[in-house]
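Listing of model.txt, compact mmCIF, C-alpha atoms
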# COMPACT_ATOMS: atom_id res chain seq x y z
CA MET A 1 92.76 92.72 72.24
CA SER A 2 95.92 94.43 73.30
CA ASP A 3 96.83 97.83 74.64
CA VAL A 4 100.39 98.74 73.88
CA ARG A 5 100.20 101.64 76.33
CA ASP A 6 99.78 99.37 79.33
CA ASP A 7 102.26 96.84 77.95
CA ILE A 8 104.89 99.61 77.79
CA LEU A 9 104.15 100.93 81.28
CA ALA A 10 104.17 97.46 82.82
CA ARG A 11 107.50 96.63 81.19
CA LEU A 12 108.89 100.05 82.11
CA THR A 13 108.09 99.35 85.77
CA GLU A 14 109.99 96.06 85.56
CA VAL A 15 112.95 97.66 83.84
CA VAL A 16 113.45 100.52 86.30
CA ALA A 17 113.21 98.10 89.24
CA ALA A 18 116.58 96.76 88.06
CA ILE A 19 118.39 100.00 88.95
CA PRO A 20 121.12 98.88 91.39
CA ASN A 21 120.73 99.32 95.16
CA LEU A 22 117.03 100.24 95.13
CA LYS A 23 115.01 99.33 98.19
CA SER A 24 111.58 99.64 96.54
CA SER A 25 109.88 100.25 93.22
CA TYR A 26 106.30 101.17 92.45
CA ARG A 27 103.92 102.17 89.71
CA ASN A 28 101.65 105.15 90.46
CA ASN A 29 102.29 105.10 94.20
CA VAL A 30 101.96 108.71 95.36
CA ASP A 31 102.77 108.22 99.04
CA ILE A 32 105.92 106.56 100.33
CA THR A 33 108.03 106.85 103.50
CA GLU A 34 111.72 107.23 104.21
CA ASP A 35 111.87 103.49 104.90
CA ASP A 36 111.19 102.88 101.18
CA LEU A 37 114.29 104.78 100.07
CA PRO A 38 116.08 104.60 97.73
CA ALA A 39 113.01 104.16 95.58
CA VAL A 40 111.76 104.52 92.03
CA VAL A 41 108.17 105.26 91.02
CA VAL A 42 106.76 105.11 87.49
CA PHE A 43 103.85 107.44 86.78
CA ASP A 44 101.67 106.68 83.78
CA GLY A 45 102.17 109.36 81.21
CA ASP A 46 99.99 111.65 79.19
CA GLU A 47 99.10 110.62 75.66
CA GLU A 48 98.94 112.96 72.67
CA THR A 49 98.04 112.15 69.09
CA GLY A 50 98.06 115.42 67.19
CA GLU A 51 95.81 113.72 64.65
CA VAL A 52 94.09 116.27 62.44
CA GLN A 53 93.98 114.46 59.12
CA ASN A 54 90.67 113.73 57.47
CA ARG A 55 90.65 110.00 57.94
CA ALA A 56 88.30 107.40 59.33
CA SER A 57 87.91 107.74 63.09
CA ASN A 58 89.22 104.23 63.70
CA SER A 59 92.34 104.70 61.58
CA PRO A 60 95.67 103.85 63.24
CA MET A 61 97.25 106.94 64.77
CA LEU A 62 100.71 107.75 66.04
CA VAL A 63 100.64 108.36 69.79
CA SER A 64 103.26 110.09 71.95
CA MET A 65 103.21 108.96 75.57
CA THR A 66 105.42 110.68 78.17
CA PRO A 67 105.61 108.70 81.42
CA GLU A 68 107.49 110.23 84.33
CA ILE A 69 109.90 108.26 86.48
CA VAL A 70 110.84 109.59 89.92
CA LEU A 71 114.03 108.49 91.65
CA VAL A 72 114.16 109.30 95.36
CA GLU A 73 117.00 108.98 97.84
CA MET A 74 117.94 110.28 101.30
CA THR A 75 121.56 110.14 102.32
CA GLU A 76 124.23 111.36 104.69
CA GLY A 77 126.55 111.55 101.68
CA GLN A 78 126.40 113.70 98.55
CA ILE A 79 122.84 113.42 97.29
CA GLY A 80 123.71 114.90 93.91
CA THR A 81 126.23 112.18 93.15
CA GLU A 82 123.88 109.41 94.26
CA LEU A 83 121.04 110.72 92.08
CA THR A 84 123.39 111.01 89.13
CA VAL A 85 124.47 107.38 89.51
CA MET A 86 120.81 106.28 89.60
CA ARG A 87 119.95 108.50 86.62
CA ARG A 88 122.74 106.97 84.57
CA ALA A 89 121.41 103.47 85.20
CA LEU A 90 117.84 104.59 84.50
CA ILE A 91 118.59 106.06 81.10
CA ARG A 92 120.76 103.12 80.06
CA LEU A 93 118.24 100.50 81.16
CA VAL A 94 115.22 102.13 79.54
CA LEU A 95 116.76 103.08 76.20
CA SER A 96 118.57 99.79 75.72
CA ASP A 97 115.87 97.40 76.88
CA THR A 98 115.19 94.96 74.06
CA GLU A 99 111.62 94.21 75.12
CA LEU A 100 110.60 97.88 75.40
CA ASN A 101 112.08 98.66 72.00
CA ALA A 102 110.32 95.65 70.49
CA LEU A 103 106.99 96.67 72.03
CA VAL A 104 106.99 100.05 70.27
CA ALA A 105 108.67 98.85 67.07
CA LYS A 106 106.12 96.14 66.34
CA THR A 107 103.30 98.73 66.28
CA SER A 108 104.80 100.59 63.33
CA PRO A 109 106.34 98.56 60.52
CA ARG A 110 107.20 101.86 58.77
CA GLY A 111 109.63 102.76 61.53
CA GLU A 112 107.79 105.70 63.11
CA ALA A 113 107.93 104.24 66.62
CA ALA A 114 110.63 105.42 69.01
CA ILE A 115 111.83 105.72 72.61
CA ARG A 116 113.56 108.94 73.63
CA TYR A 117 114.90 110.44 76.86
CA LEU A 118 113.40 113.94 77.19
CA GLY A 119 115.16 115.28 80.28
CA SER A 120 115.03 115.51 84.05
CA GLN A 121 114.57 117.88 86.98
CA THR A 122 115.91 117.60 90.51
CA ASP A 123 114.58 118.66 93.91
CA VAL A 124 116.53 118.57 97.18
CA GLY A 125 115.62 119.39 100.77
CA TRP A 126 116.21 118.48 104.38
CA MET A 127 114.27 115.83 106.19
CA ARG A 128 115.99 113.38 108.57
CA SER A 129 118.97 113.72 106.26
CA LEU A 130 119.41 115.40 102.90
CA HIS A 131 116.65 114.21 100.59
CA GLY A 132 116.73 114.36 96.83
CA ALA A 133 114.45 113.43 93.96
CA LEU A 134 115.05 113.27 90.23
CA ARG A 135 112.08 113.34 87.86
CA ALA A 136 112.87 111.99 84.41
CA GLN A 137 110.60 112.02 81.37
CA PHE A 138 110.72 109.62 78.45
CA LEU A 139 108.88 109.71 75.14
CA PHE A 140 107.31 106.54 73.74
CA LYS A 141 105.95 106.87 70.19
CA TYR A 142 103.80 104.01 69.03
CA MET A 143 100.96 103.30 66.63
CA LEU A 144 97.57 103.09 68.32
CA LYS A 145 95.12 100.88 66.44
CA PRO A 146 91.59 101.46 67.77
CA ASP A 147 90.25 98.26 66.24
CA GLU A 148 92.76 96.20 68.22
CA LEU A 149 91.83 97.70 71.61
CA MET B 150 108.34 144.37 131.25
CA ILE B 151 107.63 140.69 131.73
CA ASP B 152 110.70 138.51 132.21
CA TYR B 153 110.01 135.85 129.59
CA SER B 154 112.87 133.64 130.72
CA ALA B 155 111.65 133.38 134.30
CA LEU B 156 107.92 133.36 133.65
CA LEU B 157 107.63 131.48 130.35
CA TYR B 158 110.71 129.50 129.35
CA ASP B 159 111.89 128.23 132.73
CA PRO B 160 108.55 126.56 133.64
CA LEU B 161 108.25 125.18 130.09
CA TYR B 162 111.74 123.71 130.09
CA ALA B 163 111.18 122.31 133.60
CA GLU B 164 108.17 120.37 132.29
CA LEU B 165 109.02 119.55 128.66
CA GLY B 166 112.79 119.85 128.59
CA VAL B 167 115.14 116.90 128.39
CA PRO B 168 118.83 116.75 129.27
CA ALA B 169 121.13 117.25 126.31
CA THR B 170 124.81 117.55 125.52
CA LEU B 171 126.02 120.13 123.03
CA ASP B 172 129.50 119.67 121.63
CA ALA B 173 130.37 122.93 119.92
CA GLY B 174 134.04 122.39 119.43
CA THR B 175 135.87 125.20 121.22
CA ALA B 176 133.57 125.13 124.25
CA GLY B 177 133.75 121.34 124.55
CA GLU B 178 130.77 119.27 125.70
CA VAL B 179 128.21 121.33 127.58
CA ALA B 180 125.15 120.03 129.42
CA ILE B 181 121.99 121.95 128.50
CA THR B 182 118.22 121.44 128.47
CA VAL B 183 116.35 121.23 125.16
CA ILE B 184 112.77 120.70 124.06
CA ASP B 185 112.50 118.09 121.32
CA ALA B 186 110.74 119.76 118.38
CA THR B 187 111.03 116.90 115.89
CA ARG B 188 107.96 116.96 113.66
CA ARG B 189 106.61 115.12 110.67
CA LYS B 190 107.90 116.41 107.37
CA SER B 191 107.27 115.46 103.77
CA ALA B 192 108.69 116.39 100.41
CA THR B 193 107.00 116.30 97.03
CA ALA B 194 108.42 115.46 93.64
CA GLY B 195 105.76 115.80 90.99
CA SER B 196 102.86 113.60 92.15
CA LEU B 197 104.98 111.77 94.70
CA GLU B 198 105.00 112.59 98.41
CA VAL B 199 107.79 111.20 100.61
CA ARG B 200 107.15 111.17 104.36
CA SER B 201 109.84 111.53 106.98
CA VAL B 202 110.58 113.75 109.97
CA GLY B 203 112.34 117.07 110.40
CA PRO B 204 114.43 116.72 113.55
CA SER B 205 114.94 119.88 115.59
CA ALA B 206 115.22 121.07 119.18
CA PHE B 207 114.71 124.32 121.06
CA ALA B 208 117.26 125.68 123.53
CA ARG B 209 117.40 128.88 125.57
CA ILE B 210 119.97 131.37 124.33
CA PRO B 211 120.72 132.74 127.84
CA GLU B 212 121.62 129.21 128.98
CA LEU B 213 123.87 128.70 125.96
CA THR B 214 125.57 132.07 126.44
CA ALA B 215 126.12 131.43 130.15
CA LYS B 216 127.83 128.16 129.28
CA GLY B 217 130.14 129.69 126.70
CA ILE B 218 128.26 128.75 123.51
CA ALA B 219 128.22 131.69 121.08
CA ARG B 220 126.07 131.97 117.97
CA ALA B 221 129.09 131.28 115.77
CA ASP B 222 129.40 127.88 117.47
CA TYR B 223 125.89 126.65 116.62
CA ARG B 224 126.42 125.40 113.08
CA ASP B 225 128.06 121.97 112.77
CA SER B 226 127.94 121.38 116.52
CA MET B 227 126.79 117.96 117.79
CA LEU B 228 123.65 117.76 119.90
CA SER B 229 122.77 114.61 121.87
CA PHE B 230 119.35 114.06 123.46
CA ASN B 231 116.59 111.47 123.61
CA GLY B 232 118.89 108.64 122.56
CA ARG B 233 120.39 110.15 119.41
CA THR B 234 123.29 112.39 118.45
CA TRP B 235 122.62 114.91 115.68
CA THR B 236 124.59 117.42 113.67
CA VAL B 237 123.26 121.00 113.67
CA TYR B 238 123.08 122.04 110.02
CA SER B 239 121.29 125.35 110.62
CA TYR B 240 119.33 127.26 113.23
CA GLU B 241 116.63 129.89 113.58
CA LEU B 242 116.15 132.46 116.30
CA THR B 243 112.64 132.78 117.66
CA GLY B 244 112.99 136.36 118.87
CA ASN B 245 111.73 137.67 122.18
CA PRO B 246 110.15 140.88 123.56
CA ASN B 247 113.17 141.11 125.88
CA GLY B 248 115.52 140.98 122.90
CA GLU B 249 116.67 138.14 120.67
CA ASP B 250 119.55 137.33 123.01
CA PHE B 251 116.98 136.36 125.65
CA GLY B 252 114.92 134.17 123.38
CA GLU B 253 115.19 130.63 122.06
CA VAL B 254 117.11 129.10 119.22
CA ARG B 255 115.74 126.21 117.22
CA PHE B 256 118.51 123.89 116.13
CA MET B 257 117.85 122.21 112.75
CA LEU B 258 119.31 118.72 112.89
CA ARG B 259 120.52 116.09 110.45
CA ASP B 260 121.99 112.60 110.26
CA GLY B 261 121.03 111.34 113.71
CA GLN B 262 122.93 108.39 115.10
CA VAL B 263 121.39 106.19 117.77
CA ILE B 264 123.39 106.27 121.00
CA PRO B 265 124.06 102.67 122.03
CA PRO B 266 122.66 101.82 125.48
CA GLU B 267 125.02 101.60 128.42
CA PRO B 268 126.07 97.98 129.08
CA GLU B 269 124.40 96.34 132.05
CA PRO B 270 126.74 96.18 135.07
CA GLU B 271 127.97 92.67 135.70
CA THR B 272 126.48 91.04 138.77
CA ALA B 273 128.65 88.93 141.04

Once you've parsed the file, please lay out its structure as structure tokens.
Amino acid sequence: MSDVRDDILARLTEVVAAIPNLKSSYRNNVDITEDDLPAVVVFDGDEETGEVQNRASNSPMLVSMTPEIVLVEMTEGQIGTELTVMRRALIRLVLSDTELNALVAKTSPRGEAAIRYLGSQTDVGWMRSLHGALRAQFLFKYMLKPDEL
Amino acid sequence: MIDYSALLYDPLYAELGVPATLDAGTAGEVAITVIDATRRKSATAGSLEVRSVGPSAFARIPELTAKGIARADYRDSMLSFNGRTWTVYSYELTGNPNGEDFGEVRFMLRDGQVIPPEPEPETA
């Protein structure tokens, strides 16, 4: 039994924890304090299959999973620059990680699996100092094989 | 008309107020009384909530005016009270039935620095 979805999310959490100068990293933690910052949190993503073909119900299907990664920082400096530096490391680490790429590639010998950066959104506001968050979405396409779950 | 300064603010500031120093540049350092209005504050980013505080303090506009602090001096001034020095990044006027110039101003504060304690005097 194996579930590639959780394998990807677990590895993704390890990968983003390597962003330089982080103080904390979490998976699915929805409540942190300023003492955790700078922080990164991985949120498990939605899955979509789009399967409409007339095939057996347990046939392998191509799944698109879109986890969200939130980078959070509070600084007396320029929050925009600090978030940009973290975003650069995030994209590089995720897209170039050998283990993540292997996890999705092995599910689809025909080469349909993929990892893509979809985009990001930023939020800023005042707390003790200027606070900023960057939410980034990635696409993981992999073959889901019901009989192997 | 009720005198809000004498009947409302003065007793409040006598009980809840703390000594503060406002450095507004042209007027130099001025001793005033403020009420610490620092409150919990959180921000959300998607599903994530980050908890912190929103530092702020109330001061009486008549006291500021009497000590030479004009409204144009508020922003970017330095306010010290309760062991920290803060930068005023913005402010809001609370208004007053006697006119806004007789009301309070809430200083919105950022980047507080802890004021180091005075060294103990050496004993012979």

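Applying the 8 Å criterion to (115.2, 102.1, 86.4) in file coordinates and using only C-alpha atoms, one obtains the residues Leu12, Thr13, Val15, Val16, Ala17, Ala18, Ile19, Val40, Met86, Arg87, Ala89, Leu90, Ile91, Leu93 and Val94 of chain A.
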
Enumerate, in order of chain and increasing residue number, the residues of chain A with an atom no farther than 8 Å from chain B, each with its shortest atom pair and distance in Å to one decimal, counting only C-alpha atoms, as JSON lines.
{"residue": "A:Asn29", "atom": "CA", "partner": "B:Leu197", "partner_atom": "CA", "distance": 7.2}
{"residue": "A:Val30", "atom": "CA", "partner": "B:Leu197", "partner_atom": "CA", "distance": 4.3}
{"residue": "A:Asp31", "atom": "CA", "partner": "B:Glu198", "partner_atom": "CA", "distance": 4.9}
{"residue": "A:Ile32", "atom": "CA", "partner": "B:Val199", "partner_atom": "CA", "distance": 5.0}
{"residue": "A:Thr33", "atom": "CA", "partner": "B:Arg200", "partner_atom": "CA", "distance": 4.5}
{"residue": "A:Glu34", "atom": "CA", "partner": "B:Ser201", "partner_atom": "CA", "distance": 5.4}
{"residue": "A:Val70", "atom": "CA", "partner": "B:Ala194", "partner_atom": "CA", "distance": 7.4}
{"residue": "A:Glu76", "atom": "CA", "partner": "B:Asp260", "partner_atom": "CA", "distance": 6.1}
{"residue": "A:Asp123", "atom": "CA", "partner": "B:Ala194", "partner_atom": "CA", "distance": 6.9}
{"residue": "A:Gly125", "atom": "CA", "partner": "B:Ala192", "partner_atom": "CA", "distance": 7.6}
{"residue": "A:Trp126", "atom": "CA", "partner": "B:Gly203", "partner_atom": "CA", "distance": 7.3}
{"residue": "A:Met127", "atom": "CA", "partner": "B:Gly203", "partner_atom": "CA", "distance": 4.8}
{"residue": "A:Arg128", "atom": "CA", "partner": "B:Gly203", "partner_atom": "CA", "distance": 5.5}
{"residue": "A:Ser129", "atom": "CA", "partner": "B:Arg259", "partner_atom": "CA", "distance": 5.1}
{"residue": "A:Leu130", "atom": "CA", "partner": "B:Arg259", "partner_atom": "CA", "distance": 7.7}
{"residue": "A:Ala133", "atom": "CA", "partner": "B:Ala194", "partner_atom": "CA", "distance": 6.4}
{"residue": "A:Leu134", "atom": "CA", "partner": "B:Ala194", "partner_atom": "CA", "distance": 7.8}
{"residue": "A:Arg135", "atom": "CA", "partner": "B:Ala194", "partner_atom": "CA", "distance": 7.2}

How would the residues just picked look written out with C-alpha atoms as a short mmCIF file (atom, residue, chain, number, x, y, z; two decimals), in the coordinates of the input?
data_model
loop_
_atom_site.label_atom_id
_atom_site.label_comp_id
_atom_site.auth_asym_id
_atom_site.auth_seq_id
_atom_site.Cartn_x
_atom_site.Cartn_y
_atom_site.Cartn_z
CA ASN A 29 102.29 105.10 94.20
CA VAL A 30 101.96 108.71 95.36
CA ASP A 31 102.77 108.22 99.04
CA ILE A 32 105.92 106.56 100.33
CA THR A 33 108.03 106.85 103.50
CA GLU A 34 111.72 107.23 104.21
CA VAL A 70 110.84 109.59 89.92
CA GLU A 76 124.23 111.36 104.69
CA ASP A 123 114.58 118.66 93.91
CA GLY A 125 115.62 119.39 100.77
CA TRP A 126 116.21 118.48 104.38
CA MET A 127 114.27 115.83 106.19
CA ARG A 128 115.99 113.38 108.57
CA SER A 129 118.97 113.72 106.26
CA LEU A 130 119.41 115.40 102.90
CA ALA A 133 114.45 113.43 93.96
CA LEU A 134 115.05 113.27 90.23
CA ARG A 135 112.08 113.34 87.86
#

Inset, instruction - Find the spatial neighbours of B:Gly244, counting all atoms listed in the file, within a cut-off of 9 Å - ignore same-chain residues fewer than 5 positions away - and output them as a list in words. - result: Glu249, Asp250, Phe251, Gly252, Glu253 and Val254 of chain B

Produce the centre coordinates and the three edge lengths, each in Å to one decimal, of the box along x, y and z that contains all listed atoms of stretch 206-209 of chain B with 8 Å added on each side, as lines of an AutoDock Vina configuration file.
center_x = 116.1
center_y = 125.0
center_z = 122.4
size_x = 18.7
size_y = 23.8
size_z = 22.4

Inset, instruction - Report the distance between atom CA of B:Leu213 and atom CA of B:Ala173 in Å, rounded to one decimal place. - result: 10.6 Å

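With atom CA of B:Ile151 on one side and atom CA of B:Ala208 on the other, the separation reads 19.6 Å.
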
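Of the residues under consideration (A:Thr66, A:Ser96, A:Asn101, A:Ser24), A:Thr66 shows the shortest atom-to-atom contact distance to A:Leu118 when counting only C-alpha atoms.
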
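Taking atom CA of A:Ala10 and atom CA of A:Pro60 as endpoints, the distance between them is 22.3 Å.
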
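If you measure from each of A:Val4, A:Ala114, A:Ala136, A:Leu83 to A:Pro38 using only C-alpha atoms, the closest one turns out to be A:Leu83.
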
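Among the candidates A:Ser25, A:Gln53, A:Ser59, A:Gln121, the one nearest to A:Leu37 when counting all atoms listed in the file is A:Ser25.
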
Inset, instruction - Could you pull out every residue with an atom within 12 Å of (127.2, 126.6, 115.7), file coordinates, counting only C-alpha atoms, and send them as a PyMOL selection string? - result: chain B and resi 171-176+213+217-228+236-241+254-258

Need to verify the contact set: stretch 262-270 of chain B, 7 Å, only C-alpha atoms, exclusion of same-chain residues closer than 5 positions in sequence. Can you return it as a PDB file with C-alpha atoms, in the coordinates of the input?
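Wrote it out as out-v7.pdb, contents follow:
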ATOM      1  CA  GLY B 232     118.890 108.640 122.560  1.00  0.00           C
ATOM      2  CA  ARG B 233     120.390 110.150 119.410  1.00  0.00           C
ATOM      3  CA  THR B 234     123.290 112.390 118.450  1.00  0.00           C
ATOM      4  CA  TRP B 235     122.620 114.910 115.680  1.00  0.00           C
TER       5      TRP B 235
END
